[in-house]
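Novice: Below you'll find the structure I mean.
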Amino acid sequence: MNLSQKKLKLINAAFQMIEKLGWQNFSLKRLADEEKISVAEINQIFRKKEDILKEFSSMIDLQVEKNFDFRDLESSSTKDNLFELIMLRLELMRPYKKALKSIILVFRSNLSMIKSVSFKILNSLDFYLELTNAYDGSFFDIFKKKVILFIYTQTFMVWINDDSEEMSKTMSELDKMLSFSEKITNSFNDYFPI
């Protein structure tokens with residue numbers, strides 16, 4: 001088993017444990033015991049348990065890249081492409097939703113966790129903005145990363161409580177926020193056509 005396979009196996013095992021125990025009761029020591037390996041071996045991959053969340057985000061990014069047909073980017077609008085990429089990301093996280101709910105409960109009161117994980121997600125969303133040609137060289141470009149992070153966060157919080165198979169509430173929220181953002185961007189560019 002190579003390093004990336006071992007990392008994937010440990011992430012999945014960790015999320016299964018978090019789903020059962022909750023984030024606060026989960027530890028790398030417990031993960032090592034469950035997987036019957038040493039803590040030292042775990043520490044070669046994860047130095048602290050928050051690292052699992054960052055690696056989880058990277059794992060989801062790789063799955064998005066594998067599952068998204070990037071040829072579709074050329075025939076759809078920026079808004080539609082962002083919608084598809086974000087919804088695909090949420091769809092791929094669905095098997096981990098119960099564990100993520102447990103993490104969110106602690107997340108809200110832990111600023112260091114928020115900063116650490118938000119930075120990783122922000123990089124992913126920046127990649128989506130680049131892919132979809134959202135950056136157009138206008139002054140508004142400097143705000144787009146913050147806006148897309150806000151949109152993603154708001155949509156994620158709807159998704160975490162959306163138990164419908166078709167994720168209709170989540171799709172509606174994301175579409176509404178992307179549409180509003182698109183309208184503001186277009187208005188801004190009309191007033192300041194730089």
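In the structure tokens, the first chain shown is A, the next is B, and so on; residue numbers restart at 1 for each chain, and ligands run from 1 in the order shown.
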Write out as a ChimeraX atom specification which residues come within 12 Å of Asp80 (chain A) when counting only C-alpha atoms, dropping same-chain ones fewer than 2 positions away.
Specialist: /A:72-78,82-87,128-129,132-134,171,174-176,178-179,182
Novice: What lies within 12 Å of Asn123 (chain A) using only C-alpha atoms, ignoring chain neighbours under 2 positions off, as a list of chain:residue names?
Specialist: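 So, after excluding close chain neighbours, the residues are A:Lys54, A:Ser57, A:Ser58, A:Asp61, A:Ser116, A:Val117, A:Ser118, A:Phe119, A:Lys120, A:Ile121, A:Leu125, A:Asp126, A:Phe127, A:Tyr128, A:Leu129, A:Glu130, A:Lys145, A:Lys146, A:Ile148, A:Leu149.
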Novice: Just give me the gap between CA of Arg71 (chain A) and CA of Leu131 (chain A) in Å, one decimal is fine.
Specialist: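 Atom-to-atom, CA of Arg71 (chain A) and CA of Leu131 (chain A) are spaced 10.9 Å apart.
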Novice: Please indicate the distance in Å from CA of Asp69 (chain A) to CA of Phe156 (chain A), rounded to one decimal place.
Specialist: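 We find that CA of Asp69 (chain A) and CA of Phe156 (chain A) lie 22.7 Å from each other.
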Novice: Determine the nearest neighbour of Leu122 (chain A) from the options A:Ala40, A:Val147, A:Leu21, A:Met59, counting only C-alpha atoms.
Specialist: A:Val147
Novice: List the neighbours of Phe56 (chain A) out to 12 Å using only C-alpha atoms; skip same-chain residues closer than 3 positions along the sequence, and give me the result as a PyMOL selection string.
Specialist: chain A and resi 4+7-15+46+49-53+59-63+89+92-93+96+99-100+117+120-121
Novice: How many Å lie between CA of Ile45 (chain A) and CA of Lys6 (chain A), rounded to one decimal?
Specialist: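 Spanning CA of Ile45 (chain A) to CA of Lys6 (chain A) is a straight-line distance of 8.8 Å.
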Novice: Could you pull out the residues in region 90-153 of chain A that DSSP calls helix (DSSP H, G or I) from the backbone, as a PDB file with C-alpha atoms, in the first residue's frame?
Specialist:
```
ATOM      1  CA  LEU A  90     -21.132  18.569  -1.996  1.00  0.00           C
ATOM      2  CA  GLU A  91     -22.401  15.401  -3.681  1.00  0.00           C
ATOM      3  CA  LEU A  92     -19.010  13.732  -3.185  1.00  0.00           C
ATOM      4  CA  MET A  93     -19.071  14.683   0.499  1.00  0.00           C
ATOM      5  CA  ARG A  94     -22.499  13.115   1.045  1.00  0.00           C
ATOM      6  CA  PRO A  95     -21.153   9.801   2.482  1.00  0.00           C
ATOM      7  CA  TYR A  96     -19.333  11.843   5.145  1.00  0.00           C
ATOM      8  CA  LYS A  97     -22.239  14.119   6.086  1.00  0.00           C
ATOM      9  CA  LYS A  98     -22.946  12.652   9.550  1.00  0.00           C
ATOM     10  CA  ALA A  99     -19.309  13.035  10.553  1.00  0.00           C
ATOM     11  CA  LEU A 100     -19.215  16.557   9.115  1.00  0.00           C
ATOM     12  CA  LYS A 101     -22.273  17.483  11.202  1.00  0.00           C
ATOM     13  CA  SER A 102     -20.373  16.423  14.310  1.00  0.00           C
ATOM     14  CA  ILE A 103     -17.331  18.450  13.239  1.00  0.00           C
ATOM     15  CA  ILE A 104     -19.448  21.571  12.516  1.00  0.00           C
ATOM     16  CA  LEU A 105     -20.774  21.600  16.088  1.00  0.00           C
ATOM     17  CA  VAL A 106     -17.222  22.077  17.391  1.00  0.00           C
ATOM     18  CA  PHE A 107     -16.030  24.096  14.408  1.00  0.00           C
ATOM     19  CA  LEU A 111     -11.306  29.881  15.544  1.00  0.00           C
ATOM     20  CA  SER A 112      -8.012  28.118  14.803  1.00  0.00           C
ATOM     21  CA  MET A 113      -9.858  25.229  13.152  1.00  0.00           C
ATOM     22  CA  ILE A 114     -11.967  27.662  11.123  1.00  0.00           C
ATOM     23  CA  LYS A 115      -8.882  29.524   9.911  1.00  0.00           C
ATOM     24  CA  SER A 116      -6.968  26.360   9.058  1.00  0.00           C
ATOM     25  CA  VAL A 117      -9.722  24.577   7.131  1.00  0.00           C
ATOM     26  CA  SER A 118     -11.130  27.745   5.505  1.00  0.00           C
ATOM     27  CA  PHE A 119      -7.714  28.474   3.982  1.00  0.00           C
ATOM     28  CA  LYS A 120      -7.663  25.023   2.361  1.00  0.00           C
ATOM     29  CA  ILE A 121     -11.212  25.365   1.029  1.00  0.00           C
ATOM     30  CA  LEU A 122     -10.463  28.896  -0.201  1.00  0.00           C
ATOM     31  CA  ASN A 123      -7.620  27.516  -2.341  1.00  0.00           C
ATOM     32  CA  SER A 124     -10.010  24.970  -3.839  1.00  0.00           C
ATOM     33  CA  LEU A 125     -12.605  27.643  -4.617  1.00  0.00           C
ATOM     34  CA  ASP A 126      -9.920  29.889  -6.108  1.00  0.00           C
ATOM     35  CA  PHE A 127      -9.099  27.006  -8.454  1.00  0.00           C
ATOM     36  CA  TYR A 128     -12.781  26.824  -9.446  1.00  0.00           C
ATOM     37  CA  LEU A 129     -12.782  30.572 -10.163  1.00  0.00           C
ATOM     38  CA  GLU A 130      -9.711  30.169 -12.371  1.00  0.00           C
ATOM     39  CA  LEU A 131     -11.210  27.177 -14.197  1.00  0.00           C
ATOM     40  CA  ASP A 141     -11.549  40.341  -8.974  1.00  0.00           C
ATOM     41  CA  ILE A 142     -10.006  41.103  -5.584  1.00  0.00           C
ATOM     42  CA  PHE A 143     -13.362  40.416  -3.881  1.00  0.00           C
ATOM     43  CA  LYS A 144     -14.323  37.271  -5.773  1.00  0.00           C
ATOM     44  CA  LYS A 145     -12.433  34.811  -3.560  1.00  0.00           C
ATOM     45  CA  LYS A 146     -14.114  36.153  -0.430  1.00  0.00           C
ATOM     46  CA  VAL A 147     -17.515  36.185  -2.117  1.00  0.00           C
ATOM     47  CA  ILE A 148     -17.229  32.579  -3.352  1.00  0.00           C
ATOM     48  CA  LEU A 149     -16.090  31.432   0.110  1.00  0.00           C
ATOM     49  CA  PHE A 150     -19.137  33.148   1.630  1.00  0.00           C
ATOM     50  CA  ILE A 151     -21.421  31.547  -0.976  1.00  0.00           C
ATOM     51  CA  TYR A 152     -19.868  28.124  -0.396  1.00  0.00           C
ATOM     52  CA  THR A 153     -20.125  28.450   3.402  1.00  0.00           C
TER      53      THR A 153
END
```
Novice: List as a ChimeraX atom specification the protein and nucleic acid residues near Glu173 (chain A), meaning an atom at most 9 Å away when only C-alpha atoms are counted, but skip any in the same chain fewer than 3 places from it.
Specialist: /A:151,154-155,158,168-170,176-178
